[in-house]
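Chemist: Just so it is clear, I am handing over target-v9.cif, which has mmCIF, C-alpha atoms.
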data_start
loop_
_atom_site.label_atom_id
_atom_site.label_comp_id
_atom_site.auth_asym_id
_atom_site.auth_seq_id
_atom_site.Cartn_x
_atom_site.Cartn_y
_atom_site.Cartn_z
CA MET A 1 16.92 -3.73 -7.26
CA ASN A 2 15.88 -0.48 -8.89
CA ASN A 3 12.25 0.60 -9.00
CA SER A 4 11.32 -0.90 -12.37
CA GLU A 5 12.86 -4.26 -11.35
CA ILE A 6 10.86 -4.08 -8.14
CA TYR A 7 7.61 -3.48 -10.04
CA ILE A 8 8.29 -6.50 -12.26
CA ALA A 9 9.11 -8.61 -9.17
CA ILE A 10 5.83 -7.46 -7.56
CA ALA A 11 3.92 -8.55 -10.68
CA VAL A 12 5.64 -11.97 -10.56
CA MET A 13 4.74 -12.41 -6.88
CA ALA A 14 1.17 -11.28 -7.48
CA ILE A 15 0.79 -13.88 -10.24
CA ALA A 16 2.43 -16.68 -8.22
CA ASN A 17 0.24 -15.87 -5.22
CA LEU A 18 -2.91 -15.82 -7.33
CA ILE A 19 -1.97 -19.18 -8.84
CA THR A 20 -1.76 -20.75 -5.37
CA ARG A 21 -5.20 -19.39 -4.53
CA ALA A 22 -6.81 -20.33 -7.85
CA LEU A 23 -5.24 -23.79 -8.30
CA PRO A 24 -8.05 -25.91 -6.83
CA PHE A 25 -10.68 -23.91 -8.73
CA LEU A 26 -8.84 -24.64 -11.98
CA PHE A 27 -8.05 -28.33 -11.44
CA PHE A 28 -10.18 -29.92 -8.75
CA HIS A 29 -13.84 -30.22 -9.32
CA LYS A 30 -14.27 -33.33 -7.27
CA LYS A 31 -14.38 -33.16 -3.49
CA GLU A 32 -11.99 -36.06 -2.95
CA GLN A 33 -8.33 -35.11 -3.15
CA PRO A 34 -5.67 -37.72 -4.00
CA LYS A 35 -4.04 -39.41 -0.97
CA TYR A 36 -0.55 -38.04 -1.54
CA MET A 37 -2.02 -34.51 -1.76
CA LYS A 38 -3.66 -35.00 1.62
CA PHE A 39 -0.33 -36.24 3.04
CA ILE A 40 1.49 -33.14 1.78
CA SER A 41 -1.26 -30.74 2.82
CA ASP A 42 -1.24 -32.20 6.35
CA ASN A 43 2.50 -31.91 6.83
CA PHE A 44 3.83 -29.19 4.53
CA PRO A 45 2.59 -26.18 6.56
CA ALA A 46 4.58 -27.31 9.62
CA MET A 47 7.76 -27.79 7.58
CA ILE A 48 7.48 -24.49 5.73
CA MET A 49 6.92 -22.45 8.92
CA ILE A 50 10.12 -23.85 10.46
CA ILE A 51 12.01 -23.32 7.17
CA LEU A 52 10.82 -19.71 7.06
CA ILE A 53 11.99 -19.11 10.63
CA PHE A 54 15.46 -20.33 9.62
CA TYR A 55 15.30 -18.34 6.38
CA THR A 56 14.71 -15.09 8.25
CA LEU A 57 17.71 -15.95 10.45
CA ALA A 58 20.02 -17.15 7.65
CA LYS A 59 22.26 -14.08 7.92
CA VAL A 60 22.80 -14.40 11.68
CA ASP A 61 26.37 -15.30 12.59
CA PHE A 62 26.15 -18.25 14.99
CA ALA A 63 29.93 -18.85 14.96
CA ASN A 64 30.96 -15.58 16.62
CA ALA A 65 29.78 -13.59 19.65
CA PRO A 66 26.97 -13.13 20.54
CA TYR A 67 26.36 -16.52 18.81
CA GLY A 68 22.80 -15.70 17.79
CA LEU A 69 21.85 -15.37 21.46
CA LYS A 70 19.77 -12.22 20.86
CA GLU A 71 17.68 -14.03 18.25
CA LEU A 72 17.25 -17.05 20.54
CA ILE A 73 16.13 -14.85 23.44
CA ALA A 74 13.62 -12.94 21.29
CA ILE A 75 12.25 -16.17 19.79
CA SER A 76 11.85 -17.68 23.27
CA ILE A 77 9.98 -14.58 24.47
CA THR A 78 7.69 -14.67 21.43
CA ALA A 79 7.00 -18.39 21.77
CA LEU A 80 6.43 -18.31 25.55
CA LEU A 81 4.04 -15.37 25.25
CA HIS A 82 2.16 -17.12 22.51
CA ILE A 83 1.85 -20.40 24.40
CA LYS A 84 0.76 -18.57 27.60
CA LEU A 85 -1.53 -15.86 26.21
CA ASN A 86 -2.46 -17.18 22.77
CA ASN A 87 -2.80 -13.68 21.33
CA TYR A 88 -0.71 -13.33 18.19
CA LEU A 89 -0.61 -9.53 18.24
CA ILE A 90 0.86 -9.45 21.76
CA SER A 91 3.39 -12.21 20.93
CA ILE A 92 4.62 -10.50 17.74
CA PHE A 93 4.61 -6.99 19.20
CA ILE A 94 6.44 -7.78 22.45
CA GLY A 95 8.78 -10.26 20.70
CA THR A 96 9.82 -7.68 18.11
CA LEU A 97 10.13 -4.90 20.69
CA SER A 98 12.41 -7.04 22.86
CA TYR A 99 14.59 -7.87 19.84
CA MET A 100 14.84 -4.16 18.95
CA VAL A 101 15.92 -3.36 22.51
CA LEU A 102 18.49 -6.20 22.39
CA VAL A 103 20.10 -5.03 19.12
CA GLN A 104 19.89 -1.29 19.79
CA TYR A 105 20.89 -1.02 23.44
CA ILE A 106 22.97 -4.08 24.31
CA MET B 1 -29.15 0.40 -0.10
CA LYS B 2 -29.03 -3.02 -1.69
CA TYR B 3 -27.24 -5.79 0.24
CA LYS B 4 -27.18 -3.71 3.43
CA GLU B 5 -27.82 -6.79 5.59
CA GLU B 6 -24.95 -8.68 3.93
CA MET B 7 -22.64 -5.72 4.55
CA LYS B 8 -23.63 -5.44 8.20
CA PHE B 9 -23.16 -9.14 8.85
CA ALA B 10 -19.82 -9.19 6.98
CA PHE B 11 -18.57 -6.22 9.02
CA LYS B 12 -19.51 -7.89 12.30
CA VAL B 13 -17.70 -11.09 11.30
CA SER B 14 -14.61 -9.17 10.11
CA ILE B 15 -13.97 -7.30 13.39
CA PRO B 16 -11.37 -9.77 14.75
CA VAL B 17 -9.35 -9.31 11.55
CA LEU B 18 -9.63 -5.50 11.68
CA MET B 19 -7.09 -5.10 14.50
CA GLY B 20 -4.72 -7.77 13.21
CA TYR B 21 -4.58 -6.58 9.61
CA CYS B 22 -4.32 -2.89 10.54
CA ILE B 23 -1.39 -3.55 12.85
CA LEU B 24 0.50 -6.02 10.63
CA GLY B 25 -0.20 -3.85 7.55
CA PHE B 26 1.06 -0.85 9.52
CA ALA B 27 4.27 -2.70 10.43
CA PHE B 28 4.77 -3.67 6.77
CA GLY B 29 4.32 -0.11 5.45
CA LEU B 30 6.52 1.24 8.23
CA LEU B 31 9.29 -1.29 7.57
CA MET B 32 9.41 -0.74 3.80
CA VAL B 33 9.41 3.06 3.91
CA SER B 34 11.94 3.15 6.75
CA MET B 35 14.20 1.04 4.51
CA LYS B 36 13.99 3.85 1.93
CA TYR B 37 11.57 2.23 -0.51
CA ASP B 38 9.13 4.61 -2.26
CA ILE B 39 5.95 5.10 -0.28
CA ILE B 40 3.86 3.77 -3.19
CA ILE B 41 5.63 0.37 -3.33
CA PRO B 42 4.24 -1.19 -0.13
CA ILE B 43 0.78 0.18 -1.02
CA ILE B 44 0.87 -1.39 -4.50
CA MET B 45 2.00 -4.66 -2.91
CA SER B 46 -0.86 -4.69 -0.43
CA ILE B 47 -3.37 -4.04 -3.21
CA PHE B 48 -2.08 -6.49 -5.81
CA ILE B 49 -0.23 -9.23 -3.90
CA TYR B 50 -2.25 -9.16 -0.67
CA ALA B 51 -0.42 -11.95 1.17
CA GLY B 52 1.19 -11.00 4.48
CA ALA B 53 4.09 -13.41 4.85
CA LEU B 54 5.05 -13.15 1.17
CA GLN B 55 5.07 -9.34 1.26
CA PHE B 56 7.43 -9.31 4.25
CA LEU B 57 9.65 -11.91 2.57
CA ALA B 58 9.70 -9.80 -0.60
CA ILE B 59 11.81 -7.18 1.16
CA GLY B 60 14.53 -9.83 1.43
CA PHE B 61 14.05 -10.84 -2.22
CA PHE B 62 14.53 -7.20 -3.30
CA SER B 63 17.68 -6.61 -1.29
CA ALA B 64 19.21 -9.98 -2.32
CA LYS B 65 18.40 -9.16 -5.99
CA LEU B 66 16.86 -12.61 -6.35
CA ALA B 67 16.23 -13.72 -9.96
CA LEU B 68 12.60 -13.48 -11.15
CA PHE B 69 12.32 -17.24 -11.63
CA ASP B 70 13.53 -17.87 -8.07
CA ILE B 71 11.06 -15.28 -6.78
CA PHE B 72 8.27 -17.05 -8.68
CA ILE B 73 9.14 -20.51 -7.30
CA ALA B 74 9.72 -19.25 -3.76
CA SER B 75 6.37 -17.39 -3.81
CA LEU B 76 4.57 -20.52 -5.02
CA PHE B 77 6.03 -22.64 -2.23
CA VAL B 78 5.58 -20.08 0.52
CA ASN B 79 1.88 -19.79 -0.29
CA ILE B 80 1.06 -23.25 -1.62
CA ARG B 81 -0.87 -23.94 1.60
CA GLN B 82 -3.53 -21.62 0.18
CA ALA B 83 -4.21 -24.13 -2.58
CA PHE B 84 -5.48 -26.49 0.11
CA TYR B 85 -7.81 -23.81 1.44
CA GLY B 86 -9.44 -23.44 -1.95
CA LEU B 87 -10.34 -27.12 -1.93
CA SER B 88 -12.62 -26.67 1.04
CA VAL B 89 -14.45 -23.61 -0.27
CA LEU B 90 -15.03 -24.90 -3.83
CA ASP B 91 -18.64 -25.61 -2.91
CA LYS B 92 -19.26 -22.33 -1.11
CA PHE B 93 -18.00 -20.26 -4.05
CA LYS B 94 -19.80 -22.37 -6.65
CA ASP B 95 -22.59 -19.92 -7.48
CA SER B 96 -20.73 -16.67 -6.97
CA LYS B 97 -20.41 -15.94 -10.73
CA ASN B 98 -18.96 -12.48 -11.41
CA LEU B 99 -17.72 -12.08 -7.82
CA LYS B 100 -15.75 -15.33 -7.92
CA PRO B 101 -12.45 -13.94 -9.30
CA TYR B 102 -12.22 -11.46 -6.42
CA LEU B 103 -13.23 -14.07 -3.82
CA ILE B 104 -10.42 -16.32 -5.05
CA PHE B 105 -7.89 -13.47 -5.25
CA ALA B 106 -8.67 -12.35 -1.69
CA LEU B 107 -8.69 -15.78 -0.01
CA THR B 108 -6.11 -15.13 2.73
CA ASP B 109 -5.54 -17.35 5.79
CA GLU B 110 -7.80 -15.15 7.91
CA THR B 111 -10.60 -14.72 5.37
CA TYR B 112 -10.57 -18.47 4.79
CA GLY B 113 -10.72 -19.04 8.54
CA LEU B 114 -13.77 -16.79 8.89
CA ILE B 115 -15.59 -18.15 5.86
CA THR B 116 -15.17 -21.75 6.97
CA SER B 117 -15.74 -21.36 10.71
CA ILE B 118 -18.45 -18.71 11.17
CA LYS B 119 -22.01 -19.98 11.15
CA GLU B 120 -23.87 -18.28 8.34
CA ASN B 121 -27.09 -16.36 8.60
CA LYS B 122 -29.61 -18.18 6.39
CA ASN B 123 -31.52 -15.07 5.32
CA ILE B 124 -28.70 -13.32 3.53
CA ASN B 125 -27.26 -13.62 0.05
CA HIS B 126 -24.11 -15.67 0.62
CA LYS B 127 -22.08 -14.55 -2.33
CA TYR B 128 -22.42 -10.90 -1.32
CA TYR B 129 -21.62 -11.75 2.28
CA TYR B 130 -18.38 -13.47 1.17
CA PHE B 131 -17.64 -10.54 -1.12
CA PHE B 132 -18.02 -7.84 1.54
CA LEU B 133 -16.11 -9.93 4.08
CA SER B 134 -13.18 -10.32 1.64
CA LEU B 135 -13.34 -6.66 0.66
CA PHE B 136 -13.40 -5.37 4.26
CA ASN B 137 -10.44 -7.54 5.19
CA GLN B 138 -8.36 -6.27 2.27
CA PHE B 139 -9.45 -2.72 3.10
CA TYR B 140 -8.01 -3.12 6.63
CA TRP B 141 -4.75 -4.50 5.25
CA VAL B 142 -4.31 -1.70 2.69
CA THR B 143 -5.33 0.99 5.18
CA GLY B 144 -2.80 -0.30 7.72
CA THR B 145 -0.09 -0.28 5.03
CA ILE B 146 -0.87 3.30 3.95
CA LEU B 147 -0.87 4.57 7.55
CA GLY B 148 2.43 2.79 8.30
CA ALA B 149 4.05 4.11 5.11
CA ILE B 150 2.93 7.70 5.83
CA PHE B 151 3.97 7.43 9.48
CA ALA B 152 7.47 6.30 8.51
CA SER B 153 7.92 9.11 5.99
CA TYR B 154 7.17 11.81 8.61
CA ILE B 155 8.74 10.41 11.73
CA SER B 156 12.16 8.84 11.71
CA PHE B 157 13.34 6.58 14.50
CA ASP B 158 15.78 3.71 14.83
CA THR B 159 14.03 0.74 13.18
CA ASN B 160 17.03 -1.57 13.59
CA GLY B 161 15.60 -4.94 14.64
CA LEU B 162 12.07 -4.26 13.32
CA GLU B 163 12.65 -7.00 10.71
CA PHE B 164 12.31 -9.50 13.58
CA SER B 165 8.52 -9.02 13.28
CA LEU B 166 8.69 -11.48 10.37
CA THR B 167 10.55 -14.11 12.41
CA ALA B 168 8.05 -13.58 15.23
CA LEU B 169 5.15 -14.03 12.80
CA PHE B 170 6.51 -17.41 11.66
CA VAL B 171 7.19 -18.51 15.25
CA VAL B 172 3.55 -17.79 16.06
CA LEU B 173 2.32 -19.54 12.91
CA ALA B 174 4.50 -22.59 13.69
CA ILE B 175 2.95 -22.85 17.17
CA GLU B 176 -0.52 -22.53 15.62
CA GLN B 177 0.42 -25.33 13.19
CA TYR B 178 1.46 -27.55 16.08
CA LYS B 179 -2.02 -27.15 17.57
CA VAL B 180 -3.51 -28.48 14.32
CA ASN B 181 -0.90 -31.14 13.57
CA LYS B 182 0.53 -32.51 16.83
CA ASN B 183 3.29 -34.46 15.11
CA TYR B 184 6.83 -33.26 15.76
CA ILE B 185 8.42 -35.03 12.75
CA PRO B 186 7.52 -32.46 10.05
CA PHE B 187 8.86 -29.70 12.32
CA LEU B 188 12.07 -31.66 12.81
CA ILE B 189 12.36 -32.28 9.05
CA GLY B 190 11.92 -28.54 8.44
CA ALA B 191 14.70 -27.72 10.91
CA ILE B 192 17.16 -30.32 9.60
CA SER B 193 16.54 -29.35 5.96
CA SER B 194 17.07 -25.67 6.75
CA ILE B 195 20.31 -26.32 8.63
CA LEU B 196 21.64 -28.49 5.77
CA ALA B 197 20.77 -25.79 3.23
CA ILE B 198 22.31 -22.99 5.31
CA VAL B 199 25.54 -24.92 5.92
CA PHE B 200 26.10 -26.19 2.38
CA LEU B 201 24.50 -23.60 0.09
CA PRO B 202 24.68 -19.84 -0.51
CA ILE B 203 21.91 -17.85 1.22
CA ALA B 204 20.30 -16.91 -2.11
CA ASN B 205 19.42 -20.59 -2.76
CA MET B 206 18.60 -21.48 0.82
CA LEU B 207 14.81 -21.13 0.73
CA ILE B 208 14.15 -23.23 -2.37
CA ALA B 209 16.83 -25.78 -1.46
CA SER B 210 15.41 -26.36 2.01
CA ILE B 211 11.90 -26.78 0.60
CA ILE B 212 13.13 -29.43 -1.85
CA ILE B 213 15.21 -31.24 0.80
CA SER B 214 12.28 -31.23 3.21
CA LEU B 215 9.90 -32.69 0.62
CA VAL B 216 12.41 -35.47 -0.13
CA PHE B 217 12.76 -36.24 3.60
CA LEU B 218 8.99 -36.14 4.02
CA PHE B 219 8.57 -38.93 1.47
CA ILE B 220 11.60 -40.92 2.68
CA PHE B 221 10.18 -40.94 6.21
CA LYS B 222 6.56 -41.18 5.10
CA LYS B 223 5.82 -44.24 7.26
CA ARG B 224 7.26 -42.66 10.40
CA VAL B 225 5.38 -39.42 9.76
CA ILE B 226 2.08 -41.27 9.38
CA ASN B 227 2.63 -43.61 12.35
CA GLU B 228 3.68 -40.87 14.77
#
How would this structure read if it were set down as structure tokens?

Modeler:
Amino acid sequence: MNNSEIYIAIAVMAIANLITRALPFLFFHKKEQPKYMKFISDNFPAMIMIILIFYTLAKVDFANAPYGLKELIAISITALLHIKLNNYLISIFIGTLSYMVLVQYI
Amino acid sequence: MKYKEEMKFAFKVSIPVLMGYCILGFAFGLLMVSMKYDIIIPIIMSIFIYAGALQFLAIGFFSAKLALFDIFIASLFVNIRQAFYGLSVLDKFKDSKNLKPYLIFALTDETYGLITSIKENKNINHKYYYFFLSLFNQFYWVTGTILGAIFASYISFDTNGLEFSLTALFVVLAIEQYKVNKNYIPFLIGAISSILAIVFLPIANMLIASIIISLVFLFIFKKRVINE
């Protein structure tokens, strides 16, 4: 994209993001939300996080060497750190650093 | 100064977010400028979009030249969880009048977390406390972005692999989700839908397609999801 296309795209994202934040203030004045909404709101965040992990890895070639092994190693490091230490800055920082080392030096 | 107490209390509450937003904002600014985007672009994004995951994803949208409509739909779905946050602060924001538009605009995951979980001091004006808390948090995010963008334009180093910070962010968020919703089925549905979309569809359609597939699966297996 060139710069003017990028600025338009930024405006579109800003509007879409604002809509998601403003939606309940526009439509829901009651406290009770419909049952199907509760079902989606309970389960959608888990699905979308996994989808986004795959989305960020969509360009990785799993069919040829190194078969996405570097990504798997870095994800394991990130996840293990997060389960052990429960500090998201450490998990993201060390996880990213280890991936950078894997792709730059190995 | 008027509202000094509200400001002080808001600052104290916002300290845990200070580090996080400065560092993630820094990484975002650094990543964009090191990929040769104008220094002003990440800064504008942090001021007007102000949504971490979406801003990182946007870099992919730009380079894939995604159509505006697809960007719109993808942004809605990526951040639709925020609509559920709003539901639980409807009451808190009820009397905030002229400050309400900004409070809604700035309702990020972290600000929502603080507003709903920190015990409030009864002697302060709540709407100004929420306002300063939201403002401080965005200030940290924008400051981090500016510092990262400037840093990248002066110092050049090999940033190959830095984009993994986004994957790592979602891994962390998925683990956090599991703590809230200890049901493996939605995670499994997310994985299966993504794999189907990657195998059968071009990458440009993958995000939206996997979201649609996952929603279909969610309702097909509704009983199992609820009983698990």

Chemist: Using all atoms listed in the file, I'd like every residue of chain A that has an atom within 7 Å of chain B; please write them out as an MDAnalysis selection string.

Modeler: chainID A and resid 1 6 9:10 12:14 16:18 20:25 41 43 45:56 58 75 78:79 82 88:89 92 95:96 99:100 103:104

Chemist: Can you give me, as a list in words, the residues this file yields under the PyMOL selection byres ((chain B and resi 29-34) around 6)?

Modeler: Phe26, Ala27, Phe28, Met35, Lys36, Tyr37, Ile39, Pro42, Thr145, Gly148, Ala149 and Ala152 of chain B

Chemist: Give the centre and edge lengths of an axis-aligned box, in Å to one decimal, that holds all listed atoms of segment 47-63 of chain A with 3 Å on each side, as lines of an AutoDock Vina configuration file.

Modeler:
center_x = 18.4
center_y = -20.9
center_z = 10.4
size_x = 29.0
size_y = 19.7
size_z = 15.3

Chemist: Grab the atom CA of Val17 of chain B to atom CA of Asn137 of chain B distance for me, in Å with one decimal place.

Modeler: 6.7 Å

Chemist: Can you work out the spacing between atom CA of Glu110 of chain B and atom CA of Tyr140 of chain B in Å, to one decimal?

Modeler: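 Going from atom CA of Glu110 of chain B over to atom CA of Tyr140 of chain B, I get 12.1 Å.
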
Chemist: Could you check how far atom CA of Phe9 of chain B sits from atom CA of Lys122 of chain B, in Å to one decimal?

Modeler: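 About the pair atom CA of Phe9 of chain B and atom CA of Lys122 of chain B: they are 11.4 Å apart.
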
Chemist: Check the smallest atom-to-atom distance from each of B:Glu228, B:Lys223, B:Gly25, B:Phe131 to Thr143 of chain B using all atoms listed in the file, then report the winner.

Modeler: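 The closest residue to Thr143 of chain B is B:Gly25.
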
Chemist: Smallest atom-to-atom distance to Asn121 of chain B: which of B:Leu18, B:Ile146, B:Ile40, B:Val13, using only C-alpha atoms?

Modeler: B:Val13

Chemist: For Ile77 of chain A, which residue out of A:Ile94, A:Ile8, A:Ile15, A:Val101 is the nearest one, using all atoms listed in the file?

Modeler: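 Closest to Ile77 of chain A of all the choices is A:Ile94.
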